[in-house]
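Just model00.pdb here, PDB, C-alpha atoms:
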ATOM      1  CA  ALA A   3      -5.536 -14.381  -9.094
ATOM      2  CA  GLN A   4      -4.127 -10.963  -9.700
ATOM      3  CA  SER A   5      -0.421 -10.180  -9.545
ATOM      4  CA  VAL A   6       1.860  -7.279 -10.237
ATOM      5  CA  THR A   7       5.409  -7.287 -11.544
ATOM      6  CA  GLN A   8       7.704  -4.320 -11.294
ATOM      7  CA  LEU A   9      10.569  -5.095 -13.571
ATOM      8  CA  ASP A  10      13.154  -2.794 -12.051
ATOM      9  CA  SER A  11      14.068  -2.883  -8.386
ATOM     10  CA  GLN A  12      16.191   0.250  -8.693
ATOM     11  CA  VAL A  13      16.266   3.077 -11.191
ATOM     12  CA  PRO A  14      19.011   5.707 -10.950
ATOM     13  CA  VAL A  15      18.358   8.878 -12.926
ATOM     14  CA  PHE A  16      19.996  12.254 -13.210
ATOM     15  CA  GLU A  17      18.075  15.279 -12.081
ATOM     16  CA  GLU A  18      15.885  16.829 -14.787
ATOM     17  CA  ALA A  19      16.071  13.664 -16.895
ATOM     18  CA  PRO A  20      12.927  11.738 -17.850
ATOM     19  CA  VAL A  21      12.074   8.495 -16.117
ATOM     20  CA  GLU A  22       9.859   5.492 -16.712
ATOM     21  CA  LEU A  23       9.061   2.925 -14.055
ATOM     22  CA  ARG A  24       7.692  -0.264 -15.497
ATOM     23  CA  CYS A  25       4.753  -2.262 -14.222
ATOM     24  CA  ASN A  26       2.993  -5.298 -15.649
ATOM     25  CA  TYR A  27      -0.012  -6.982 -14.176
ATOM     26  CA  SER A  28      -1.816 -10.254 -14.485
ATOM     27  CA  SER A  29      -5.526 -10.727 -13.972
ATOM     28  CA  SER A  30      -8.396 -12.712 -15.360
ATOM     29  CA  VAL A  31     -10.892  -9.892 -14.960
ATOM     30  CA  SER A  32     -11.006  -6.155 -15.329
ATOM     31  CA  VAL A  33      -8.673  -4.382 -12.984
ATOM     32  CA  TYR A  34      -8.085  -1.090 -11.353
ATOM     33  CA  LEU A  35      -4.480   0.062 -11.310
ATOM     34  CA  PHE A  36      -2.578   2.346  -8.997
ATOM     35  CA  TRP A  37       0.794   3.878  -8.377
ATOM     36  CA  TYR A  38       1.808   4.783  -4.856
ATOM     37  CA  VAL A  39       4.895   6.566  -3.566
ATOM     38  CA  GLN A  40       6.538   5.932  -0.231
ATOM     39  CA  TYR A  41       9.096   8.317   1.191
ATOM     40  CA  PRO A  42      11.537   6.967   3.803
ATOM     41  CA  ASN A  43       9.852   5.906   7.024
ATOM     42  CA  GLN A  44       6.471   7.092   5.854
ATOM     43  CA  GLY A  45       3.211   5.564   4.702
ATOM     44  CA  LEU A  46       1.886   5.428   1.183
ATOM     45  CA  GLN A  47       0.687   8.301  -0.915
ATOM     46  CA  LEU A  48      -1.466   7.759  -3.985
ATOM     47  CA  LEU A  49       0.157   9.175  -7.114
ATOM     48  CA  LEU A  50      -2.542   8.214  -9.584
ATOM     49  CA  LYS A  51      -5.088   5.573 -10.424
ATOM     50  CA  TYR A  52      -6.742   4.074 -13.461
ATOM     51  CA  LEU A  53     -10.368   3.041 -13.090
ATOM     52  CA  SER A  54     -11.768   3.412 -16.591
ATOM     53  CA  GLY A  55     -11.927   5.826 -19.487
ATOM     54  CA  SER A  56      -8.839   7.505 -20.868
ATOM     55  CA  THR A  57      -5.830   5.238 -20.811
ATOM     56  CA  LEU A  58      -3.504   8.125 -20.026
ATOM     57  CA  VAL A  59      -3.805   9.053 -16.396
ATOM     58  CA  LYS A  60      -2.276  12.135 -14.859
ATOM     59  CA  GLY A  61      -1.371  12.247 -11.224
ATOM     60  CA  ILE A  62       0.287  14.440  -8.665
ATOM     61  CA  ASN A  63       3.831  15.772  -8.772
ATOM     62  CA  GLY A  64       3.919  15.726 -12.560
ATOM     63  CA  PHE A  65       3.628  11.952 -12.911
ATOM     64  CA  GLU A  66       1.491  10.176 -15.458
ATOM     65  CA  ALA A  67       0.853   6.574 -16.413
ATOM     66  CA  GLU A  68      -0.584   4.825 -19.422
ATOM     67  CA  PHE A  69      -2.811   1.784 -19.215
ATOM     68  CA  ASN A  70      -2.109  -0.666 -22.026
ATOM     69  CA  LYS A  71      -4.551  -3.537 -21.926
ATOM     70  CA  SER A  72      -2.983  -5.524 -24.754
ATOM     71  CA  GLN A  73       0.404  -5.453 -23.061
ATOM     72  CA  THR A  74      -1.069  -5.637 -19.561
ATOM     73  CA  SER A  75       1.139  -2.747 -18.542
ATOM     74  CA  PHE A  76       0.766   0.421 -16.514
ATOM     75  CA  HIS A  77       4.101   2.209 -16.749
ATOM     76  CA  LEU A  78       4.731   5.372 -14.768
ATOM     77  CA  ARG A  79       6.483   8.324 -16.368
ATOM     78  CA  LYS A  80       7.740  11.767 -15.540
ATOM     79  CA  PRO A  81       9.365  14.027 -18.147
ATOM     80  CA  SER A  82      11.773  15.714 -15.742
ATOM     81  CA  VAL A  83      12.581  14.425 -12.280
ATOM     82  CA  HIS A  84      13.605  16.365  -9.222
ATOM     83  CA  ILE A  85      15.718  15.397  -6.239
ATOM     84  CA  SER A  86      12.551  15.340  -4.163
ATOM     85  CA  ASP A  87      11.223  12.463  -6.286
ATOM     86  CA  THR A  88      13.693  10.118  -4.606
ATOM     87  CA  ALA A  89      11.457   7.464  -3.052
ATOM     88  CA  GLU A  90      10.068   3.974  -3.393
ATOM     89  CA  TYR A  91       7.314   3.559  -5.959
ATOM     90  CA  PHE A  92       4.761   0.782  -5.843
ATOM     91  CA  CYS A  93       2.463  -0.341  -8.599
ATOM     92  CA  ALA A  94      -0.716  -2.000  -7.377
ATOM     93  CA  VAL A  95      -3.762  -3.748  -8.778
ATOM     94  CA  SER A  96      -7.230  -4.425  -7.528
ATOM     95  CA  GLU A  97      -9.832  -6.682  -9.064
ATOM     96  CA  GLY A  98     -13.501  -6.077  -8.879
ATOM     97  CA  TYR A  99     -15.665  -3.437  -7.339
ATOM     98  CA  SER A 100     -16.821  -4.953  -4.102
ATOM     99  CA  SER A 101     -15.941  -3.664  -0.681
ATOM    100  CA  ALA A 102     -13.833  -6.748  -0.131
ATOM    101  CA  SER A 103     -11.664  -6.237  -3.194
ATOM    102  CA  LYS A 104      -8.022  -6.302  -2.205
ATOM    103  CA  ILE A 105      -5.146  -4.183  -3.428
ATOM    104  CA  ILE A 106      -2.075  -6.227  -4.252
ATOM    105  CA  PHE A 107       1.276  -4.498  -4.493
ATOM    106  CA  GLY A 108       4.282  -5.031  -6.704
ATOM    107  CA  SER A 109       7.725  -5.424  -5.229
ATOM    108  CA  GLY A 110       8.540  -1.743  -5.594
ATOM    109  CA  THR A 111      11.043   0.332  -7.535
ATOM    110  CA  ARG A 112      13.509   2.534  -5.763
ATOM    111  CA  LEU A 113      13.992   5.746  -7.700
ATOM    112  CA  SER A 114      17.207   7.550  -6.889
ATOM    113  CA  ILE A 115      17.906  10.939  -8.379
ATOM    114  CA  ARG A 116      21.465  12.062  -8.918
ATOM    115  CA  PRO A 117      22.323  15.768  -9.025
TER     116      PRO A 117
ATOM    117  CA  GLY B  12      -8.832  13.349   0.767
ATOM    118  CA  ALA B  13      -9.813  11.052   3.570
ATOM    119  CA  VAL B  14      -7.419  10.606   6.485
ATOM    120  CA  VAL B  15      -6.398   7.403   8.196
ATOM    121  CA  SER B  16      -4.393   7.545  11.387
ATOM    122  CA  GLN B  17      -2.395   4.898  13.199
ATOM    123  CA  HIS B  18      -1.306   4.784  16.779
ATOM    124  CA  PRO B  19       1.355   4.420  17.908
ATOM    125  CA  SER B  20       3.725   5.448  15.153
ATOM    126  CA  ARG B  21       6.576   3.553  16.794
ATOM    127  CA  VAL B  22       6.640   0.932  19.485
ATOM    128  CA  ILE B  23       9.450  -1.010  21.065
ATOM    129  CA  CYS B  24       8.594  -3.992  23.221
ATOM    130  CA  LYS B  25      10.197  -6.959  24.867
ATOM    131  CA  SER B  26       9.917 -10.425  23.444
ATOM    132  CA  GLY B  27       6.856 -12.234  24.739
ATOM    133  CA  THR B  28       4.695  -9.182  25.260
ATOM    134  CA  SER B  29       1.633  -8.194  23.238
ATOM    135  CA  VAL B  30       1.290  -4.988  21.289
ATOM    136  CA  LYS B  31      -1.880  -3.318  20.057
ATOM    137  CA  ILE B  32      -1.915  -1.033  17.026
ATOM    138  CA  GLU B  33      -4.915   1.162  16.281
ATOM    139  CA  CYS B  34      -6.124   2.238  12.883
ATOM    140  CA  ARG B  35      -8.720   4.977  12.646
ATOM    141  CA  SER B  36     -10.565   6.586   9.784
ATOM    142  CA  LEU B  37     -10.824  10.190  10.895
ATOM    143  CA  ASP B  38     -13.366  11.749   8.580
ATOM    144  CA  PHE B  39     -15.184   8.858   7.007
ATOM    145  CA  GLN B  40     -16.747   5.544   7.828
ATOM    146  CA  ALA B  41     -14.841   2.479   6.756
ATOM    147  CA  THR B  42     -16.730  -0.727   6.231
ATOM    148  CA  THR B  43     -13.529  -2.514   5.371
ATOM    149  CA  MET B  44     -10.016  -2.070   6.663
ATOM    150  CA  PHE B  45      -6.885  -3.869   5.586
ATOM    151  CA  TRP B  46      -3.673  -4.659   7.416
ATOM    152  CA  TYR B  47      -0.364  -4.877   5.629
ATOM    153  CA  ARG B  48       3.119  -5.758   6.747
ATOM    154  CA  GLN B  49       6.278  -4.400   5.203
ATOM    155  CA  PHE B  50       9.768  -5.688   5.847
ATOM    156  CA  PRO B  51      12.738  -3.376   5.208
ATOM    157  CA  LYS B  52      13.240  -2.648   1.535
ATOM    158  CA  GLN B  53      10.365  -4.907   0.580
ATOM    159  CA  SER B  54       6.835  -4.522  -0.618
ATOM    160  CA  LEU B  55       3.621  -4.479   1.355
ATOM    161  CA  MET B  56       2.145  -7.875   2.037
ATOM    162  CA  LEU B  57      -1.546  -8.061   2.793
ATOM    163  CA  MET B  58      -2.122  -9.779   6.114
ATOM    164  CA  ALA B  59      -5.853  -9.611   6.564
ATOM    165  CA  THR B  60      -9.090  -7.935   5.603
ATOM    166  CA  SER B  61     -11.179  -6.604   8.424
ATOM    167  CA  ASN B  62     -14.912  -6.008   8.110
ATOM    168  CA  GLU B  63     -16.841  -4.083  10.701
ATOM    169  CA  GLY B  64     -18.746  -6.378  13.020
ATOM    170  CA  SER B  65     -17.400  -9.628  11.657
ATOM    171  CA  LYS B  66     -14.324 -11.781  11.837
ATOM    172  CA  ALA B  67     -11.282 -10.810   9.846
ATOM    173  CA  THR B  68     -10.240 -12.757   6.781
ATOM    174  CA  TYR B  69      -6.578 -13.698   6.912
ATOM    175  CA  GLU B  70      -4.288 -14.269   3.979
ATOM    176  CA  GLN B  71      -2.647 -17.612   3.551
ATOM    177  CA  GLY B  72       0.301 -18.061   5.863
ATOM    178  CA  VAL B  73      -0.760 -15.423   8.387
ATOM    179  CA  GLU B  74      -1.380 -16.814  11.856
ATOM    180  CA  LYS B  75      -4.745 -15.575  13.066
ATOM    181  CA  ASP B  76      -3.937 -16.402  16.682
ATOM    182  CA  LYS B  77      -0.749 -14.414  16.423
ATOM    183  CA  PHE B  78      -2.221 -11.355  14.772
ATOM    184  CA  LEU B  79      -5.583 -10.602  16.336
ATOM    185  CA  ILE B  80      -7.726  -8.153  14.434
ATOM    186  CA  ASN B  81     -10.799  -6.431  15.797
ATOM    187  CA  HIS B  82     -12.968  -4.078  13.775
ATOM    188  CA  ALA B  83     -15.386  -2.935  16.434
ATOM    189  CA  SER B  84     -16.717   0.174  14.757
ATOM    190  CA  LEU B  85     -16.861   1.860  11.382
ATOM    191  CA  THR B  86     -13.911   4.045  12.290
ATOM    192  CA  LEU B  87     -11.618   1.763  14.266
ATOM    193  CA  SER B  88      -9.733  -1.447  13.653
ATOM    194  CA  THR B  89      -7.036  -2.829  15.901
ATOM    195  CA  LEU B  90      -4.211  -5.265  15.284
ATOM    196  CA  THR B  91      -2.770  -7.024  18.298
ATOM    197  CA  VAL B  92       0.521  -8.835  17.899
ATOM    198  CA  THR B  93       0.418 -11.461  20.623
ATOM    199  CA  SER B  94       3.528 -12.835  22.289
ATOM    200  CA  ALA B  95       5.714 -10.788  19.991
ATOM    201  CA  HIS B  96       9.109 -12.058  18.943
ATOM    202  CA  PRO B  97      11.980 -10.328  17.136
ATOM    203  CA  GLU B  98      10.864 -11.786  13.803
ATOM    204  CA  ASP B  99       7.606  -9.847  14.196
ATOM    205  CA  SER B 100       9.549  -6.599  13.966
ATOM    206  CA  SER B 101       8.234  -4.842  10.914
ATOM    207  CA  PHE B 102       6.375  -1.841   9.567
ATOM    208  CA  TYR B 103       2.624  -2.362   9.836
ATOM    209  CA  ILE B 104       0.347  -0.295   7.640
ATOM    210  CA  CYS B 105      -3.417  -0.197   7.665
ATOM    211  CA  SER B 106      -5.779   1.073   5.035
ATOM    212  CA  ALA B 107      -9.471   1.851   5.063
ATOM    213  CA  ARG B 108     -12.057   1.885   2.358
ATOM    214  CA  ASP B 109     -14.492   4.767   2.383
ATOM    215  CA  ARG B 110     -17.971   3.365   2.861
ATOM    216  CA  GLN B 111     -19.374   5.823   0.394
ATOM    217  CA  GLY B 112     -16.443   5.626  -1.889
ATOM    218  CA  GLY B 113     -17.408   4.816  -5.356
ATOM    219  CA  TYR B 114     -15.406   2.190  -5.949
ATOM    220  CA  ASN B 115     -12.330   0.876  -4.469
ATOM    221  CA  GLU B 116     -10.781   3.939  -2.947
ATOM    222  CA  GLN B 117      -8.493   2.911  -0.145
ATOM    223  CA  PHE B 118      -6.700   5.338   2.083
ATOM    224  CA  PHE B 119      -3.532   4.344   3.854
ATOM    225  CA  GLY B 120      -2.346   5.150   7.323
ATOM    226  CA  PRO B 121       1.178   6.405   8.047
ATOM    227  CA  GLY B 122       2.308   3.067   9.431
ATOM    228  CA  THR B 123       3.519   1.731  12.768
ATOM    229  CA  ARG B 124       7.067   0.564  13.212
ATOM    230  CA  LEU B 125       7.260  -2.321  15.643
ATOM    231  CA  THR B 126      10.593  -3.352  17.119
ATOM    232  CA  VAL B 127      10.685  -6.424  19.313
ATOM    233  CA  LEU B 128      13.788  -6.797  21.439
TER     234      LEU B 128
END

Can the structure in the file be given as structure tokens, please?
Amino acid sequence: AQSVTQLDSQVPVFEEAPVELRCNYSSSVSVYLFWYVQYPNQGLQLLLKYLSGSTLVKGINGFEAEFNKSQTSFHLRKPSVHISDTAEYFCAVSEGYSSASKIIFGSGTRLSIRP
Amino acid sequence: GAVVSQHPSRVICKSGTSVKIECRSLDFQATTMFWYRQFPKQSLMLMATSNEGSKATYEQGVEKDKFLINHASLTLSTLTVTSAHPEDSSFYICSARDRQGGYNEQFFGPGTRLTVL
């Protein structure tokens, strides 16, 4: 069965500094990987996804992530964060291609930006 | 992108009452919808998978008689929390998969915050 581990529950960063949010996954088959952002009291917004092809995926708001199959990782990065990036970030994985394939979420990383 | 709506966005009810939450795909047909539950400062836990015209598939540990799911059409799924109790208070989020979506694209609703007094 698939699983996702987000190694950091909280990441404090100064504004304009770079950030990396770590994500490792476990699966016995090929996976699709996602990063979602959740602002307070709101639903989820897709930041980016990896389906196939280039291992470096670029998403919205200046975020990018790199799929590393050998390390089973999908870390999220941004070279310079802004106060508005303060939110909860969830890494997620889905196995398979069928309509019934489920998305399983990691425990989340709270990114807090300090001025 | 595709839009998924939920109604209501917030609901407060008394213990022992039932609450229905609607999830709609507004501009696409969704063969499959998913229901998640999120406790404060925690991740989303998948509760059940709902397929149009058939019974929902519940995750282990989720009481199917407690959380009734109906997926009557390709654009609507409902979650009914029966005989709600304070421990059912949570943020419920649905998602829908685009029927024509290539592959696994799921779109999430804005969530419904349920408070049971």

Select residues of chain A: the criterion is any atom within 9 Å of an atom of chain B, counting only C-alpha atoms; output as a list of chain:residue names.
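On the chain A side, the interface is A:Tyr34, A:Asn43, A:Gln44, A:Gly45, A:Leu46, A:Gln47, A:Leu48, A:Leu53, A:Glu90, A:Phe92, A:Ser96, A:Gly98, A:Tyr99, A:Ser100, A:Ser101, A:Ala102, A:Ser103, A:Lys104, A:Ile105, A:Ile106, A:Phe107, A:Gly108, A:Ser109, A:Gly110, A:Arg112.
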
Could you tell me which residues the PyMOL selection byres ((chain B and resi 70) around 6) returns for this structure, as a PyMOL selection string?
chain B and resi 58-59+69+71+73

Could you write out as a list in words the residues that the PyMOL selection byres ((chain B and resi 82) around 8) matches in the shown file?
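Checking the PyMOL selection byres ((chain B and resi 82) around 8) against this file, the residues are Met44, Ser61, Asn62, Glu63, Gly64, Ser65, Ala67, Ile80, Asn81, Ala83, Ser84, Leu85, Leu87, Ser88 and Thr89 of chain B.
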
By how many Å are atom CA of Phe50 of chain B and atom CA of Ser100 of chain B apart?
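Going from atom CA of Phe50 of chain B over to atom CA of Ser100 of chain B, I get 8.2 Å.
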
Test item: the PyMOL selection byres ((chain B and resi 93) around 8) resolved as JSON, numbers by chain
{"B": [27, 28, 29, 30, 76, 77, 78, 79, 91, 92, 94, 95]}

Which residue, A:Gln4, A:Ser11, A:Ser56, A:Asn26, has the smallest gap to Gln73 of chain A when you use all atoms listed in the file?
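Answer, going by the shortest atom-to-atom distance: A:Asn26.
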
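Rounded to one decimal, atom CA of Pro97 of chain B and atom CA of Lys75 of chain B lie 18.0 Å from each other.
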
Draw an axis-aligned box over all listed atoms of segment 12-19 of chain B, pad each side with 5 Å, and write its centre and edge lengths in Å, one decimal, as JSON.
{"center_x": -4.2, "center_y": 8.9, "center_z": 9.3, "size_x": 21.2, "size_y": 18.9, "size_z": 27.1}

Show me as a list in words the residues that reach within 8 Å of (14.8, 11.9, -2.4), counting all atoms listed in the file and using the file's own coordinates.
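I get Tyr41, Ile85, Ser86, Asp87, Thr88, Ala89, Ser114 and Ile115 of chain A for the residues within 8 Å of that point.
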
Atoms kept (C-alpha atoms) for selection, written as an mmCIF file, in the coordinates of the input:
data_model
loop_
_atom_site.group_PDB
_atom_site.id
_atom_site.type_symbol
_atom_site.label_atom_id
_atom_site.label_comp_id
_atom_site.auth_asym_id
_atom_site.auth_seq_id
_atom_site.Cartn_x
_atom_site.Cartn_y
_atom_site.Cartn_z
ATOM 1 C CA TYR A 41 9.096 8.317 1.191
ATOM 2 C CA ILE A 85 15.718 15.397 -6.239
ATOM 3 C CA SER A 86 12.551 15.340 -4.163
ATOM 4 C CA ASP A 87 11.223 12.463 -6.286
ATOM 5 C CA THR A 88 13.693 10.118 -4.606
ATOM 6 C CA ALA A 89 11.457 7.464 -3.052
ATOM 7 C CA SER A 114 17.207 7.550 -6.889
ATOM 8 C CA ILE A 115 17.906 10.939 -8.379
#

Separation of atom CA of Val127 of chain B and atom CA of His18 of chain B, in Å?
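About the pair atom CA of Val127 of chain B and atom CA of His18 of chain B: they are 16.6 Å apart.
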
Best match for closeness to Cys25 of chain A among A:Leu9, A:Gln40, A:Leu58, A:Lys80, counting only C-alpha atoms:
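Going through A:Leu9, A:Gln40, A:Leu58, A:Lys80 one by one, the smallest distance to Cys25 of chain A is for A:Leu9.
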
Using all atoms listed in the file for the distances, tell me which of B:Glu74, B:Ser26, B:Lys31, B:Gln40 is nearest to Leu90 of chain B.
B:Lys31

Among listed residues A:Leu49, A:Ser5, A:Thr74, A:Val13, nearest Arg116 of chain A (using only C-alpha atoms):
A:Val13
